[in-house]
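*Asks:* What follows is a single structure, and I will ask about it in a moment.
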Amino acid sequence: MKKTEVRLSENGRELYGLLITPEGEGKYPAVIFSHGYNGTGRDFERMGEYLAENGVAAFCLDFCGGSVNSRSSMATTDMTIFTEKEDLHRVVCYMKENHRVDSDKIFLFGGSQGGLVSALVTEEIKEEVRGLILLFPAMCIADNWNERFPNEEDIPEVQELLGMNLGKNFFLTLRGFDVYQHIGGYERSVQVIYGENDPIVSLDYMERLKTVYQDMKLDIFKGEGHGFSEEGNRRVAEMTLEFVRQKIA
């Protein structure tokens, strides 16, 4: 396989990503991996390597301001769900133009907050996404923060969460936002993977997705939480490869 570091300019900021491609010439189907809150593209690098070893390209991005360890630019206090949407749109454009990628066979994969972002982006570019894979997607984010800060005056300038500082605009942009009003028009296949012991996102959010998507499969992993074990991640990689192969057959 070949690994190529990529830096993309978008809206005055620089986005870092790692492109992993199979050996040999030609165009390949590709999966774009979007990490969760305070994660990085490294979280999915091993999955990307597994895909590349089996004939599928991968792109692991670092959202701008998406982590204290991000290799992309921008302060975490400037990041919102909607800046991450812009980042992912930029990566999709890059992959469509890349000579190693089959532009008709691009898949989006999002974990946790990256799952929410991937679902929202897919809705806006339906025909450009061959399939969508969501790993314990955090569809609860807007609900959680709107409950935490019911009034605009309750929102602080900076809020620390799990070792990362969020700015006021993160919460302001989520006010009145109902994710289920912004998804559901995507008619191609959606694979949702969830851990039965997830303490962050309740199963109710996954079950509600079934009422929104026309073609969705939910797999619940026993003994897993919000963030899977090594064995769980191995199974996710295998399922992702199988999903891609089925949808391009």
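Ligands are numbered from 1 in the order shown, residues from 1 within each chain, and chains are lettered A, B, ... in the order they appear in the structure tokens.
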Just want the 10 Å neighbourhood of stretch 201-203 of chain A, counted on only C-alpha atoms, with same-chain residues fewer than 3 positions away dropped. Output as a PyMOL selection string.
*Replies:* chain A and resi 112+136-141+144+194-198+206-208+220+225-226
*Asks:* Filtering to N, CA and C atoms, could you give me those residues as a PDB file, in the first residue's frame?
*Replies:*
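Full text of part.pdb as output:
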ATOM      1  N   SER A 112     -19.012   8.346  15.975  1.00  0.00           N
ATOM      2  CA  SER A 112     -19.478   9.260  17.004  1.00  0.00           C
ATOM      3  C   SER A 112     -19.854  10.621  16.409  1.00  0.00           C
ATOM      4  N   PHE A 136     -21.445   3.968  16.070  1.00  0.00           N
ATOM      5  CA  PHE A 136     -22.043   4.645  17.234  1.00  0.00           C
ATOM      6  C   PHE A 136     -22.193   6.154  17.000  1.00  0.00           C
ATOM      7  N   PRO A 137     -22.962   6.540  15.969  1.00  0.00           N
ATOM      8  CA  PRO A 137     -23.081   7.952  15.612  1.00  0.00           C
ATOM      9  C   PRO A 137     -23.744   8.773  16.721  1.00  0.00           C
ATOM     10  N   ALA A 138     -23.176   9.926  17.010  1.00  0.00           N
ATOM     11  CA  ALA A 138     -23.658  10.757  18.121  1.00  0.00           C
ATOM     12  C   ALA A 138     -24.789  11.669  17.665  1.00  0.00           C
ATOM     13  N   MET A 139     -25.914  11.061  17.353  1.00  0.00           N
ATOM     14  CA  MET A 139     -27.081  11.820  16.930  1.00  0.00           C
ATOM     15  C   MET A 139     -27.718  12.605  18.088  1.00  0.00           C
ATOM     16  N   CYS A 140     -27.162  12.423  19.272  1.00  0.00           N
ATOM     17  CA  CYS A 140     -27.701  13.051  20.475  1.00  0.00           C
ATOM     18  C   CYS A 140     -27.068  14.402  20.786  1.00  0.00           C
ATOM     19  N   ILE A 141     -26.053  14.817  20.036  1.00  0.00           N
ATOM     20  CA  ILE A 141     -25.257  15.981  20.429  1.00  0.00           C
ATOM     21  C   ILE A 141     -26.098  17.232  20.622  1.00  0.00           C
ATOM     22  N   ASN A 144     -28.407  16.917  23.668  1.00  0.00           N
ATOM     23  CA  ASN A 144     -27.679  16.967  24.938  1.00  0.00           C
ATOM     24  C   ASN A 144     -27.313  18.395  25.340  1.00  0.00           C
ATOM     25  N   TYR A 194     -23.196  -0.354  16.502  1.00  0.00           N
ATOM     26  CA  TYR A 194     -23.418   0.239  17.827  1.00  0.00           C
ATOM     27  C   TYR A 194     -23.023  -0.768  18.905  1.00  0.00           C
ATOM     28  N   GLY A 195     -22.516  -0.264  20.019  1.00  0.00           N
ATOM     29  CA  GLY A 195     -22.168  -1.118  21.152  1.00  0.00           C
ATOM     30  C   GLY A 195     -23.285  -1.152  22.178  1.00  0.00           C
ATOM     31  N   GLU A 196     -23.650  -2.342  22.633  1.00  0.00           N
ATOM     32  CA  GLU A 196     -24.792  -2.478  23.542  1.00  0.00           C
ATOM     33  C   GLU A 196     -24.595  -1.749  24.872  1.00  0.00           C
ATOM     34  N   ASN A 197     -23.330  -1.493  25.240  1.00  0.00           N
ATOM     35  CA  ASN A 197     -23.045  -0.835  26.519  1.00  0.00           C
ATOM     36  C   ASN A 197     -22.649   0.628  26.345  1.00  0.00           C
ATOM     37  N   ASP A 198     -23.068   1.238  25.256  1.00  0.00           N
ATOM     38  CA  ASP A 198     -22.691   2.625  24.968  1.00  0.00           C
ATOM     39  C   ASP A 198     -23.260   3.562  26.047  1.00  0.00           C
ATOM     40  N   MET A 206     -30.485   5.093  17.748  1.00  0.00           N
ATOM     41  CA  MET A 206     -30.240   4.169  16.644  1.00  0.00           C
ATOM     42  C   MET A 206     -31.564   3.634  16.102  1.00  0.00           C
ATOM     43  N   GLU A 207     -32.473   3.309  17.014  1.00  0.00           N
ATOM     44  CA  GLU A 207     -33.775   2.796  16.591  1.00  0.00           C
ATOM     45  C   GLU A 207     -34.533   3.848  15.792  1.00  0.00           C
ATOM     46  N   ARG A 208     -34.371   5.111  16.173  1.00  0.00           N
ATOM     47  CA  ARG A 208     -35.075   6.174  15.442  1.00  0.00           C
ATOM     48  C   ARG A 208     -34.525   6.299  14.024  1.00  0.00           C
ATOM     49  N   ILE A 220     -25.681  -4.558  16.467  1.00  0.00           N
ATOM     50  CA  ILE A 220     -25.345  -4.220  17.846  1.00  0.00           C
ATOM     51  C   ILE A 220     -24.293  -5.205  18.350  1.00  0.00           C
ATOM     52  N   GLY A 225     -18.788  -0.662  23.997  1.00  0.00           N
ATOM     53  CA  GLY A 225     -19.322   0.603  24.453  1.00  0.00           C
ATOM     54  C   GLY A 225     -19.169   1.688  23.392  1.00  0.00           C
ATOM     55  N   HIS A 226     -18.848   2.879  23.828  1.00  0.00           N
ATOM     56  CA  HIS A 226     -18.651   4.004  22.901  1.00  0.00           C
ATOM     57  C   HIS A 226     -17.153   4.109  22.664  1.00  0.00           C
TER      58      HIS A 226
END
*Asks:* Which of stretch 3-215 of chain A counts as alpha helix (DSSP H) under DSSP, as an MDAnalysis selection string please?
*Replies:* chainID A and resid 45:53 81:97 113:124 141:148 168:172 203:212
*Asks:* I need the residue nearest A:Phe59 from this list: A:Tyr37, A:Phe82, A:Phe109, A:Phe221. Use only C-alpha atoms for the distance.
*Replies:*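 Counting only C-alpha atoms, the residue closest to A:Phe59 is A:Phe109.
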*Asks:* Kindly provide the residues of stretch 101-136 of chain A that approach stretch 167-191 of chain A to within 7 Å, each paired with its closest atom pair and their distance in Å to one decimal, based on only C-alpha atoms, listed by chain and increasing number, as a Markdown table.
*Replies:*
| residue | atom | partner | partner_atom | distance |
| --- | --- | --- | --- | --- |
| A:Ala119 | CA | A:Ile183 | CA | 6.9 |
| A:Leu120 | CA | A:Ile183 | CA | 6.4 |
| A:Glu123 | CA | A:Tyr186 | CA | 5.7 |
| A:Lys126 | CA | A:Tyr186 | CA | 5.8 |
| A:Arg130 | CA | A:Arg188 | CA | 7.0 |
| A:Gly131 | CA | A:Ser189 | CA | 5.4 |
| A:Leu132 | CA | A:Val190 | CA | 4.8 |
| A:Ile133 | CA | A:Gln191 | CA | 4.7 |
| A:Leu134 | CA | A:Gln191 | CA | 6.2 |
*Asks:* Let's see if you can do this: from backbone DSSP, list all strand (DSSP E) residues in stretch 157-210 of chain A, as a list in words.
*Replies:*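 Result set for stretch 157-210 of chain A (strand (DSSP E)): Val158, Gln159, Glu160, Leu161, Met164, Asn165, Leu166, Gly167, Val190, Gln191, Val192, Ile193, Tyr194 and Gly195 of chain A.
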*Asks:* Excluding A:Gly48 and its own-chain neighbours fewer than 5 positions away, which residues fall within 12 Å of it when counting only C-alpha atoms? Please give them as a PyMOL selection string.
*Replies:* chain A and resi 1-3+17-22+30-34+41-43+53-61+109+233-234+236-238+240-241
*Asks:* Between atom CA of A:Ser72 and atom CA of A:Glu152, what is the distance, to one decimal in Å?
*Replies:*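 Atom CA of A:Glu152 lies 29.7 Å from atom CA of A:Ser72.
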*Asks:* Report, in Å to a single decimal, how far apart atom CA of A:Gly110 and atom CA of A:His35 are.
*Replies:*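 Between atom CA of A:His35 and atom CA of A:Gly110 the gap is 6.2 Å.
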*Asks:* Rounded to one decimal, what separation in Å do you get between atom CA of A:Leu166 and atom CA of A:Leu135?
*Replies:*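 One can read the atom CA of A:Leu166 to atom CA of A:Leu135 distance as 22.9 Å.
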*Asks:* From the options A:Leu15, A:Met239, A:Met47, A:Ile200, which residue's atoms come nearest to A:Asp62, counting only C-alpha atoms?
*Replies:*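 Closest to A:Asp62, using only C-alpha atoms: A:Leu15.
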*Asks:* Point out the residue among A:Val101, A:Val92, A:Leu209, A:Ala142 with the least atom-to-atom distance to A:Thr122, counting only C-alpha atoms.
*Replies:*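 Closest to A:Thr122 of all the choices is A:Val92.
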*Asks:* I need the residue nearest A:Leu108 from this list: A:Asn38, A:Phe243, A:Tyr50, A:Asp215. Use only C-alpha atoms for the distance.
*Replies:*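 Of the candidates, the smallest distance to A:Leu108 is held by A:Phe243.
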